[in-house]
Amino acid sequence: MAVALAFVDFSPATGAVVRMARDTALALGMTLILMHVSIPDAEAEGRRRRTDFSRKGVATELHEYHQELEILAVACTKFGVPTTPILVRGASVRGSPVRKMVSEVKRIKPDLIVMGTHQHSRLFEAIFGSAESSVIHKASCPILLIPSQNPSIAWPVAARTNSRRKQSPGQ
């Protein structure tokens, strides 16, 4: 069976990424993998600065990410899309998941990749690079990019707190 791989970073684009991946997988009869690449050794992950660097703090954060992925997967499965949540650990001093994302794409060999874009400036991308462009250049399958700058597609759990969330994924 064909596989769609959706990268989830819990940014404002997450809701749109998951919905588009779910709807596309359903329409094309694909299974779906929801993947979050976590960088526990970095000071920040994405736009979130890590406040607790202890082993217990990082473990709690990883557990929360996994729970969020599980909730998303259950919601997709309820729509009839067989979905597997995967939390992988990458290594980067800057907190960039790019290298791990590319290696996971090579390992899984998906038939479609769905990911959000953060629409940074060209200067930012020239200095730091972007996950989207790296995956685009390394992948050998179609990639569906979802813009994150649209406030109407914001994900309800994107505003991360240190406490356990009780919100459920939207449709």
# chains A, B, ... in the order shown; residues from 1 in each chain; ligands from 1
$ residues_around --residues "A:Ser38" --least-positions-apart "4" --cutoff "7 Å" --atoms "only C-alpha atoms" --output "count of residues only"
3
$ closest_residue --among "A:Ala6, A:Ile39, A:Leu144, A:Ile86" --to "A:Arg22" --atoms "only C-alpha atoms"
A:Ala6
$ residues_around --residues "A:Leu112" --least-positions-apart "4" --cutoff "8 Å" --atoms "only C-alpha atoms" --output "number ranges by chain"
A: 3-5, 141-144
$ residues_around --residues "A:Leu34" --least-positions-apart "5" --cutoff "8 Å" --atoms "only C-alpha atoms" --output "count of residues only"
11
$ residues_around --residues "A:Phe79" --least-positions-apart "3" --cutoff "10 Å" --atoms "only C-alpha atoms" --output "VMD selection string"
chain A and resid 22 to 23 26 74 to 76 82 171
$ select_by_dssp --residues "stretch 71-108 of chain A" --states "strand (DSSP E or B)" --output "VMD selection string"
chain A and resid 83 to 89
$ atom_distance --atom1 "atom CA of A:Met115" --atom2 "atom CA of A:Lys56"
29.7 Å
$ atom_distance --atom1 "atom CA of A:Leu28" --atom2 "atom CA of A:Val102"
23.8 Å
$ select_by_dssp --residues "stretch 18-104 of chain A" --states "helix (DSSP H, G or I)" --output "PyMOL selection string"
chain A and resi 18-28+55-78+98-104
$ atom_distance --atom1 "atom CA of A:Val81" --atom2 "atom CA of A:Val98"
26.7 Å
